[in-house]
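Asks: Submitted below is the structure of interest, expressed as structure tokens.
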Amino acid sequence: MAADQQTSRASFLKAMFAITWKDLTAEFRSRELFSAMLVFSLLVILIFNFALELDITTRQTVTAGVLWVTFAFAGTLGLNRSMAVEKDRGCLDGLLLAPVDRSAIYFGKVVSNLVFMLIVEAIVLPVYSFLYDVNLFNLGLFLVILLGSIGYIAVGTLLASMAIQARTRDVLLPILLFPVAVPVLIAAVKASEGFLAGNDFGTIYAPLSLLIGYDVIFIAVAYMVFDYVVEE
Amino acid sequence: MRGLDFEVQPSEFVALLGPNGAGKTTFLRILASLSRPSLGEVSVAGYRLPDQAAAVRARLGVVSHLPLLYGDLTAEENLRFFGRMYGVSNIEARITEVLEMVGLASRRRDLVRTFSRGMQQRLAIGRAVFHDPDVMLFDEPYTGLDQDASVMLDDVLRSVAAKGRTVVMTSHDLIHSGDLATRFDVLSRGVITASATRKQLGKTNLLSFYKKALAD
């Protein structure tokens with residue numbers, strides 16, 4: 001029994017990392033998803049730079065909001081593209097035909113989508129810092145970005161798998177995703193603001209624990225329902 | 001589909017013929033555990049669906065009119081990926097063996113998006129047999145292939161069936177089905193209206209058998 005469990009855990013992890021390897025190899029070759037996300041993010045922060053009144057105090061207060069709006073929009077682009085690749089040549093069926101727990105497919109896609117999102121964020125942060133003249137080197141902020149991205153991608157990957165079945169998938173994903181991801185985004189903005197303003201940990205604790213809570217809930221729900229979402 | 005009763009013996013090659021909209025693809029998707037029937041019982045290779053779906057999928061190779069391959073990966077990367085998903089041992093040796101079988105050994109490091117439709121379909125068959133399944137499901141494998149590619153696909157399908165695998169192929173291409181299959185079932189409006197083995201068909205023309213089955 002224990003040996004069976006160990007084998008199935010090994011095949012789960014093997015399948016999960018095979019999907020991540022496949023996504024990263026294909027993406028680093030084509031750079032379609034990555035360049036779309038990156039160019040879009042840079043354009044958004046550039047537009048905000050011109051659109052907002054940027055005196056010293058405003059800069060401090062808008063930073064968290066602008067960053068998370070940028071990450072959320074760019075993330076949607078990436079999620080859509082990542083699932084469209086699976087649908088294009090019937091590849092999703094190829095994945096679903098594999099004799100593995102289907103949640104391994106979900107977690108494999110989550111890891112690769114998260115890697116793409118974190119790479120884009122790692123490039124956007126210094127550019128934002130330069131354009132808005134704000135110091136973003138803050139370990140607390142990095143932690144919030146990681147937790148917020150995990151929550152956003154966890155729920156986004158599940159909803160993208162649903163939206164991909166529809167004809168209007170490009171429009172459907174943001175309509176489904178933004179209302180569900182609102183708690184993650186609000187908690188992420190509040191926690192980011194707290195760290196950037198140098199507030200004491202007591203005031204940041206609430207949004208931070210909310211963020212961790214949402215991450216756990218979203219991952220657990222996705223783990224339970226993914227099989228039903230992808231089956232016809 | 002309603003009241004569909006279908007059974008295949010090991011090593012049989014069944015061609016499931018029928019017009020567009022007869023339910024061939026839906027039926028094959030149910031057998032492949034990609035769709036769930038609202039009623040009825042399905043078992044493949046002795047395993048029940050949907051309870052033992054993972055065991056069924058491990059013994060199943062599926063080829064559809066879509067290649068189920070990644071365009072931005074090379075031929076060998078695609079096979080390596082599916083090998084990992086199926087837990088195939090000795091993957092590198094198996095890649096060489098399968099690519100030679102489908103005649104793509106010289107293109108192993110080329111991206112799949114640069115392949116012609118015929119080459120993609122051959123690689124799709126290589127992907128489907130990579131884990132050495134007992135049962136093969138082919139859904140309209142000749143769609144979009146020219147004459148040469150179809151002849152080449154015939155050879156690959158023959159070599160796949162020659163290994164004693166059970167094959168179910170949906171098609172409305174009577175010429176190719178007639179050459180390959182050992183049994184012909186006609187599916188019309190969701191039910192099987194006629195079934196005959198190659199022996200039972202004798203000198204009867206497959207086209208007349210098919211037309212008669214649809215007329216009945």
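In the structure tokens, chains take letters A, B, ... by order of appearance, with residues numbered from 1 within each chain and ligands from 1 in the order shown.
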Hey, list the chain A side of the contact with chain B: 12 Å cut-off, only C-alpha atoms, answer as a VMD selection string.

Replies: chain A and resid 7 to 8 10 to 32 84 to 102 104 to 105 108 227 to 232

Asks: Counting only C-alpha atoms, what is within 9 Å of Ile192 of chain B, bar same-chain residues fewer than 2 positions away, as a ChimeraX atom specification?

Replies: /B:3-6,16,185-190,194-195

Asks: Could you write those residues out with C-alpha atoms, as an mmCIF file, in the first residue's frame?

Replies:
```
data_model
loop_
_atom_site.group_PDB
_atom_site.id
_atom_site.type_symbol
_atom_site.label_atom_id
_atom_site.label_comp_id
_atom_site.auth_asym_id
_atom_site.auth_seq_id
_atom_site.Cartn_x
_atom_site.Cartn_y
_atom_site.Cartn_z
ATOM 1 C CA GLY B 3 -28.862 1.687 -27.426
ATOM 2 C CA LEU B 4 -25.350 1.293 -28.827
ATOM 3 C CA ASP B 5 -23.889 -2.178 -28.298
ATOM 4 C CA PHE B 6 -20.284 -2.609 -29.393
ATOM 5 C CA LEU B 16 -16.410 2.134 -37.719
ATOM 6 C CA ASP B 185 -19.435 -1.719 -38.473
ATOM 7 C CA VAL B 186 -21.735 0.992 -39.759
ATOM 8 C CA LEU B 187 -22.797 3.666 -37.290
ATOM 9 C CA SER B 188 -25.791 5.716 -38.248
ATOM 10 C CA ARG B 189 -27.802 8.164 -36.090
ATOM 11 C CA GLY B 190 -26.060 6.918 -32.935
ATOM 12 C CA ALA B 194 -24.799 -3.327 -39.659
ATOM 13 C CA SER B 195 -21.688 -5.339 -38.867
#
```

Asks: So, counting only C-alpha atoms, which residue among B:Ala93, B:Gly178, B:Leu104, B:Lys211 is closest to Thr197 of chain B?

Replies: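 Closest to Thr197 of chain B, using only C-alpha atoms: B:Gly178.
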
Asks: Mind checking DSSP for chain B and telling me the helix (DSSP H, G or I) residues as a PyMOL selection string?

Replies: chain B and resi 24-31+53-58+75-85+91-101+105-107+112-114+117-129+147-161+174-180+198-201+206-215

Asks: Point out the residue among A:Val69, A:Val127, A:Ile212, A:Val221 with the least atom-to-atom distance to Phe178 of chain A, counting only C-alpha atoms.

Replies: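 Under the stated criterion, the closest residue is A:Val69.
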
Asks: What does the structure give for the distance between atom CA of Thr57 of chain A and atom CA of Pro126 of chain A, in Å to one decimal?

Replies: 19.5 Å

Asks: Could you tell me how far atom CA of Phe34 of chain A sits from atom CA of Val124 of chain A, in Å to one decimal place?

Replies: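 Pair atom CA of Val124 of chain A / atom CA of Phe34 of chain A returns 12.4 Å.
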
Asks: Taking the chain letters and numbering used in this document, name the residues of segment 65-143 of chain B that DSSP puts in strand (DSSP E), as a PyMOL selection string.

Replies: chain B and resi 135-139

Asks: Work out how far apart atom CA of Val167 of chain B and atom CA of Phe13 of chain B are and give it in Å to one decimal.

Replies: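 Calculated distance between atom CA of Val167 of chain B and atom CA of Phe13 of chain B is 4.6 Å.
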